[in-house]
Amino acid sequence: MDPGPTSRSVLFGFLLLVSLILHVSCNLVFPVIHKFQGRRGQWSLSELKAHDARRHGRNLLSVSSSAVDLELGGNGHHSETALYFTKLGIGSPSKDYYVQVDTGSDILWVNCIECANCPKKSDIGVKLTLYDPKDSSTSQSITCDQDFCTSQPDGQFPGCKPELLCPYNVSYGDGSWTAGYFVKDVIEFDKVSGSHQTSVTNGSIVFGCGAKQSGQLGNSSDGALDGILGFGQANSSMISQLAAAGKVKKQFVHCLDNVNGGGIFAIGEVVETKLKLNMTPLVPKSAHYNVVMEAIEVGGVVVDLPSDTFDSGDKEGTIIDSGTTLAYLPQVVFEPVMKMILSKQPLLKLHTVEDQFTCFQYSENVDDGFPVVKFYFNNSVSLSVYPHEYLFQLKEYVWCSGWQSSGMKTKDGSSMTLLGDLVLSNKLVFYDLENQSIGWIDYNCSSSIKVRDDSSGAIYYVDAHNISSASGLLIGRRLLTFLLFVICMLLQISI
């Protein structure tokens, strides 16, 4: 049946609108948005702390000398993903792998094909892929006699013979562990080629092929990803491999957007805020990004603490770590800080959730009703944490504190101060490993930063990203394209 002129006009107008949407969406620079919820709705609070505990147990890439742009997805909020991740292309042909970005660990590892108990699906909106060395024409085995294997910080595995594959095994604080072997393969990622521009580059890197996982790294789809991308200081980390190859400086920056999600993660020197960024030294010969804390203020009042509270050795002190969601304080610090925070609202009725989280009902603006917590570090560097950052909403009018007593401990049982995404979100954090220092500043992580291209000296803008947002928009575009096709067929017209 042939539609009449009015129907044709209406449908043609619709087609024109759809085509304009499709055209515009092809050219949008997508902001980083992290508000995508899993099928289970939210992490349980105990799962959130277990996730933090899990993160704290404890080759060379050929690229042009340019800054590297790693797109981010996720967020630090317990009711959503409670972590930040990026996407890497691995193998020939290249396949996409989604890995958590973690400054508290060192190696890159992904789940491998022989893993029987690895998660097959994820509730955070990404497709999981098992890496198969046999499917990649560029995959190479790493054996026990190769330099990468013999130079591991913990030494060679017992019984590691020259003809055997070089194994890895990482245990975490909650009893979870990952084990497998090292391989070398081509990895794809984006280098910064101009302002707001990237181009794909590739090279080869040594990483872990995860054959066995236990605990929360195993079958569960809750927050599941393909692996972890460690950005620690060990020689096995990605940033160290790049620097050892002479391809980049040992400097990187992240801006974790816990307002809209995702954010910025780039390898290279930040120049935009160099005059504003105050840097504090890293503790020498520390396995982590360990800094010297000197004092804490709550609402402008200094917390009275013992003089040896913030010992700065590797076994104690303050660790900066993007792989942790919450913030952990020694009991001697936790108690007075919480007392001073809650004293601003003496009529609150407190209750404990899951035997560990202090929660309460509050219907007003938390930034108006609770104090700012401010940390002071060596070299007169400070870091402010606002109420909307250290308090999270469990449900309507119910808030819980993200400050935790330091159940996180080193292997010998020493207490540590561990500052995770709760503290680091919505700040531009610059890791200058060339000069062994770290600095930060409050920042709009949905915007962009300037980085210097070391090979040319040029300064380029790097934009914020959100992997999940871009994926959702792509699905929307495909749906619109399909609808356009169907309507065109019905009208028997060509666009």
# chains A, B, ... in the order shown; residues from 1 in each chain; ligands from 1
>>> residues_around(residues="range 87-96 of chain A", least_positions_apart="3", cutoff="9 Å", atoms="only C-alpha atoms", output="MDAnalysis selection string")
chainID A and resid 70:73 99:100 127:129 131:133 135:139 185:189 202 467
>>> write_last_selection(atoms="C-alpha atoms", output="mmCIF file, in the first residue's frame")
data_model
loop_
_atom_site.group_PDB
_atom_site.id
_atom_site.type_symbol
_atom_site.label_atom_id
_atom_site.label_comp_id
_atom_site.auth_asym_id
_atom_site.auth_seq_id
_atom_site.Cartn_x
_atom_site.Cartn_y
_atom_site.Cartn_z
ATOM 1 C CA LEU A 70 44.551 5.132 27.866
ATOM 2 C CA GLU A 71 40.772 5.465 27.703
ATOM 3 C CA LEU A 72 39.035 4.936 31.037
ATOM 4 C CA GLY A 73 35.714 3.458 32.076
ATOM 5 C CA VAL A 99 41.721 -4.474 32.507
ATOM 6 C CA GLN A 100 41.619 -2.607 35.779
ATOM 7 C CA LYS A 127 32.539 -8.218 26.831
ATOM 8 C CA LEU A 128 35.135 -10.526 28.371
ATOM 9 C CA THR A 129 37.669 -12.378 26.229
ATOM 10 C CA TYR A 131 43.491 -14.812 25.668
ATOM 11 C CA ASP A 132 44.707 -17.774 23.605
ATOM 12 C CA PRO A 133 48.416 -17.673 22.684
ATOM 13 C CA ASP A 135 45.297 -17.753 18.210
ATOM 14 C CA SER A 136 47.922 -15.001 17.951
ATOM 15 C CA SER A 137 50.610 -15.230 15.279
ATOM 16 C CA THR A 138 52.860 -12.897 17.303
ATOM 17 C CA SER A 139 52.658 -14.652 20.688
ATOM 18 C CA ASP A 185 52.762 -10.471 22.394
ATOM 19 C CA VAL A 186 51.780 -7.404 20.411
ATOM 20 C CA ILE A 187 49.727 -4.859 22.313
ATOM 21 C CA GLU A 188 47.688 -2.060 20.711
ATOM 22 C CA PHE A 189 46.889 1.267 22.327
ATOM 23 C CA ASN A 202 51.540 -1.296 18.691
ATOM 24 C CA ILE A 467 34.464 3.401 27.582
#
>>> closest_atom_pairs(of="range 142-252 of chain A", to="range 460-463 of chain A", cutoff="8 Å", atoms="only C-alpha atoms", output="Markdown table")
| residue | atom | partner | partner_atom | distance |
| --- | --- | --- | --- | --- |
| A:Val192 | CA | A:Val462 | CA | 7.4 |
| A:Gly194 | CA | A:Tyr460 | CA | 5.6 |
| A:Ser195 | CA | A:Tyr460 | CA | 4.4 |
| A:His196 | CA | A:Tyr461 | CA | 5.5 |
| A:Gln197 | CA | A:Val462 | CA | 7.6 |
>>> write_last_selection(atoms="N, CA, C and O atoms", output="PDB file, in the first residue's frame")
ATOM      1  N   VAL A 192      49.230   9.763  21.541  1.00  0.00           N
ATOM      2  CA  VAL A 192      48.737  11.114  21.289  1.00  0.00           C
ATOM      3  C   VAL A 192      49.442  11.648  20.049  1.00  0.00           C
ATOM      4  O   VAL A 192      50.666  11.787  20.026  1.00  0.00           O
ATOM      5  N   GLY A 194      48.164  14.513  18.299  1.00  0.00           N
ATOM      6  CA  GLY A 194      47.835  15.926  18.163  1.00  0.00           C
ATOM      7  C   GLY A 194      46.829  16.289  19.227  1.00  0.00           C
ATOM      8  O   GLY A 194      46.395  15.433  20.021  1.00  0.00           O
ATOM      9  N   SER A 195      46.431  17.544  19.301  1.00  0.00           N
ATOM     10  CA  SER A 195      45.430  17.948  20.287  1.00  0.00           C
ATOM     11  C   SER A 195      44.102  17.274  19.980  1.00  0.00           C
ATOM     12  O   SER A 195      43.605  17.334  18.849  1.00  0.00           O
ATOM     13  N   HIS A 196      43.537  16.610  20.979  1.00  0.00           N
ATOM     14  CA  HIS A 196      42.282  15.867  20.859  1.00  0.00           C
ATOM     15  C   HIS A 196      42.370  14.763  19.806  1.00  0.00           C
ATOM     16  O   HIS A 196      41.354  14.329  19.277  1.00  0.00           O
ATOM     17  N   GLN A 197      43.577  14.305  19.503  1.00  0.00           N
ATOM     18  CA  GLN A 197      43.751  13.295  18.461  1.00  0.00           C
ATOM     19  C   GLN A 197      44.665  12.175  18.958  1.00  0.00           C
ATOM     20  O   GLN A 197      45.632  12.421  19.673  1.00  0.00           O
TER      21      GLN A 197
END
>>> closest_atom_pairs(of="range 365-464 of chain A", to="range 244-257 of chain A", cutoff="12 Å", atoms="only C-alpha atoms", output="tab-separated table")
residue	atom	partner	partner_atom	distance
A:Glu389	CA	A:Asp257	CA	11.1
A:Gly420	CA	A:Leu256	CA	10.9
A:Asp421	CA	A:Leu256	CA	7.6
A:Leu422	CA	A:Leu256	CA	9.9
A:Val423	CA	A:Leu256	CA	10.1
A:Leu424	CA	A:Leu256	CA	7.0
A:Ser425	CA	A:Leu256	CA	4.7
A:Asn426	CA	A:Asp257	CA	5.2
A:Lys427	CA	A:Cys255	CA	5.6
A:Leu428	CA	A:Cys255	CA	4.6
A:Val429	CA	A:His254	CA	5.5
A:Phe430	CA	A:Val253	CA	4.4
A:Tyr431	CA	A:Phe252	CA	5.4
A:Asp432	CA	A:Gln251	CA	4.7
A:Leu433	CA	A:Lys250	CA	5.3
A:Glu434	CA	A:Lys250	CA	5.5
A:Asn435	CA	A:Lys250	CA	9.0
A:Gln436	CA	A:Lys250	CA	9.6
A:Ser437	CA	A:Gln251	CA	9.9
A:Ile438	CA	A:Val253	CA	9.6
A:Gly439	CA	A:Val253	CA	9.6
A:Trp440	CA	A:Val253	CA	9.3
A:Ile441	CA	A:Cys255	CA	9.7
A:Asp442	CA	A:Cys255	CA	9.3
A:Tyr443	CA	A:Cys255	CA	7.6
A:Asn444	CA	A:Asp257	CA	7.7
A:Cys445	CA	A:Asp257	CA	5.0
A:Ser446	CA	A:Asp257	CA	6.5
A:Ser447	CA	A:Cys255	CA	9.7
A:Ser448	CA	A:Cys255	CA	9.5
A:Ile449	CA	A:Cys255	CA	9.4
A:Lys450	CA	A:Val253	CA	10.7
A:Val451	CA	A:Val253	CA	9.4
A:Arg452	CA	A:Lys249	CA	10.6
A:Asp453	CA	A:Val248	CA	9.3
A:Asp454	CA	A:Val248	CA	7.5
A:Ser455	CA	A:Val248	CA	9.0
A:Val462	CA	A:Val253	CA	11.0
A:Asp463	CA	A:Cys255	CA	10.7
A:Ala464	CA	A:Cys255	CA	8.5
>>> select_by_dssp(residues="range 52-269 of chain A", states="strand (DSSP E or B)", output="PyMOL selection string")
chain A and resi 68-69+72-75+83-90+95-102+108-112+131+140-141+143+165+167-171+177-194+197-213+227-230+251-256+263-267+269
>>> atom_distance(atom1="CA of Pro306 in chain A", atom2="CA of Leu418 in chain A")
18.4 Å
>>> residues_around(residues="range 327-338 of chain A", least_positions_apart="5", cutoff="8 Å", atoms="only C-alpha atoms", output="JSON, numbers by chain")
{"A": [298, 303, 304, 305, 309, 402, 403, 404, 405, 406, 407, 408, 415, 416, 417, 418, 419, 420, 421, 422, 423]}
>>> residues_around(residues="range 341-348 of chain A", least_positions_apart="3", cutoff="10 Å", atoms="only C-alpha atoms", output="list of chain:residue names")
A:Val298, A:Gly299, A:Pro336, A:Val337, A:Met338, A:His351, A:Cys359, A:Phe360, A:Gln361, A:Tyr362, A:Gly369, A:Phe370, A:Pro371, A:Val372, A:Val373, A:Pro387, A:Ser401
>>> write_last_selection(atoms="all heavy atoms", output="compact mmCIF listing (two decimals), in the first residue's frame")
# COMPACT_ATOMS: atom_id res chain seq x y z
N VAL A 298 40.53 18.23 60.37
CA VAL A 298 39.11 17.99 60.14
C VAL A 298 38.38 19.29 60.43
O VAL A 298 38.42 19.78 61.56
CB VAL A 298 38.57 16.86 61.04
CG1 VAL A 298 37.06 16.70 60.83
CG2 VAL A 298 39.28 15.54 60.73
N GLY A 299 37.79 19.87 59.42
CA GLY A 299 37.10 21.15 59.59
C GLY A 299 38.02 22.26 60.04
O GLY A 299 37.61 23.14 60.80
N PRO A 336 39.81 9.28 66.16
CA PRO A 336 39.61 10.72 66.34
C PRO A 336 39.07 11.42 65.09
O PRO A 336 38.30 12.39 65.21
CB PRO A 336 41.01 11.23 66.69
CG PRO A 336 41.95 10.19 66.22
CD PRO A 336 41.22 8.90 66.33
N VAL A 337 39.44 10.95 63.91
CA VAL A 337 38.93 11.57 62.68
C VAL A 337 37.41 11.38 62.59
O VAL A 337 36.67 12.33 62.33
CB VAL A 337 39.63 10.96 61.43
CG1 VAL A 337 38.87 11.33 60.15
CG2 VAL A 337 41.05 11.47 61.33
N MET A 338 36.93 10.15 62.82
CA MET A 338 35.49 9.90 62.77
C MET A 338 34.76 10.68 63.86
O MET A 338 33.66 11.21 63.63
CB MET A 338 35.23 8.40 62.91
CG MET A 338 35.57 7.60 61.67
SD MET A 338 34.59 8.10 60.22
CE MET A 338 32.94 7.63 60.74
N HIS A 351 24.22 3.67 62.77
CA HIS A 351 24.08 2.22 62.79
C HIS A 351 25.17 1.62 61.92
O HIS A 351 25.72 2.28 61.04
CB HIS A 351 22.69 1.78 62.33
CG HIS A 351 22.35 2.18 60.92
ND1 HIS A 351 21.89 3.43 60.59
CD2 HIS A 351 22.39 1.47 59.76
CE1 HIS A 351 21.65 3.50 59.30
NE2 HIS A 351 21.96 2.32 58.76
N CYS A 359 26.92 4.13 59.23
CA CYS A 359 25.90 4.72 58.36
C CYS A 359 24.89 5.51 59.19
O CYS A 359 24.78 5.32 60.40
CB CYS A 359 25.19 3.64 57.55
SG CYS A 359 26.29 2.64 56.51
N PHE A 360 24.14 6.37 58.50
CA PHE A 360 23.16 7.21 59.19
C PHE A 360 22.19 7.79 58.16
O PHE A 360 22.46 7.79 56.95
CB PHE A 360 23.87 8.36 59.93
CG PHE A 360 24.82 9.14 59.08
CD1 PHE A 360 24.39 10.20 58.27
CD2 PHE A 360 26.18 8.82 59.05
CE1 PHE A 360 25.27 10.90 57.48
CE2 PHE A 360 27.07 9.52 58.25
CZ PHE A 360 26.62 10.57 57.47
N GLN A 361 21.07 8.28 58.66
CA GLN A 361 20.10 8.97 57.81
C GLN A 361 20.40 10.46 57.81
O GLN A 361 20.66 11.05 58.86
CB GLN A 361 18.67 8.72 58.30
CG GLN A 361 18.17 7.32 58.04
CD GLN A 361 16.68 7.17 58.31
OE1 GLN A 361 16.13 7.90 59.13
NE2 GLN A 361 16.04 6.23 57.64
N TYR A 362 20.36 11.04 56.61
CA TYR A 362 20.62 12.48 56.50
C TYR A 362 19.98 12.97 55.21
O TYR A 362 20.27 12.44 54.12
CB TYR A 362 22.12 12.76 56.48
CG TYR A 362 22.47 14.23 56.66
CD1 TYR A 362 22.37 14.83 57.90
CD2 TYR A 362 22.89 14.99 55.57
CE1 TYR A 362 22.69 16.18 58.08
CE2 TYR A 362 23.22 16.33 55.74
CZ TYR A 362 23.11 16.92 56.98
OH TYR A 362 23.42 18.25 57.15
N GLY A 369 26.76 20.02 55.75
CA GLY A 369 26.59 19.50 57.11
C GLY A 369 27.79 18.82 57.71
O GLY A 369 27.81 18.53 58.92
N PHE A 370 28.83 18.54 56.90
CA PHE A 370 29.99 17.81 57.39
C PHE A 370 31.28 18.52 56.99
O PHE A 370 31.31 19.26 56.01
CB PHE A 370 29.97 16.37 56.86
CG PHE A 370 28.83 15.56 57.39
CD1 PHE A 370 27.60 15.57 56.74
CD2 PHE A 370 28.97 14.81 58.55
CE1 PHE A 370 26.52 14.83 57.23
CE2 PHE A 370 27.91 14.07 59.05
CZ PHE A 370 26.68 14.09 58.39
N PRO A 371 32.37 18.29 57.72
CA PRO A 371 33.61 19.04 57.49
C PRO A 371 34.48 18.45 56.39
O PRO A 371 34.40 17.25 56.06
CB PRO A 371 34.33 18.93 58.84
CG PRO A 371 33.88 17.61 59.38
CD PRO A 371 32.45 17.45 58.94
N VAL A 372 35.34 19.28 55.83
CA VAL A 372 36.38 18.85 54.89
C VAL A 372 37.51 18.19 55.69
O VAL A 372 37.89 18.69 56.76
CB VAL A 372 36.92 20.04 54.08
CG1 VAL A 372 38.11 19.62 53.21
CG2 VAL A 372 35.81 20.65 53.23
N VAL A 373 38.01 17.07 55.19
CA VAL A 373 39.17 16.43 55.80
C VAL A 373 40.38 16.76 54.94
O VAL A 373 40.35 16.60 53.71
CB VAL A 373 38.99 14.90 55.88
CG1 VAL A 373 40.25 14.24 56.43
CG2 VAL A 373 37.78 14.56 56.75
N PRO A 387 33.09 16.20 51.85
CA PRO A 387 32.09 15.26 52.36
C PRO A 387 31.42 14.42 51.27
O PRO A 387 31.18 13.22 51.47
CB PRO A 387 31.08 16.18 53.06
CG PRO A 387 31.90 17.33 53.53
CD PRO A 387 32.92 17.55 52.44
N SER A 401 30.04 6.13 55.70
CA SER A 401 31.38 6.69 55.64
C SER A 401 32.32 5.75 54.89
O SER A 401 32.33 4.54 55.12
CB SER A 401 31.92 6.93 57.05
OG SER A 401 33.30 7.28 57.00
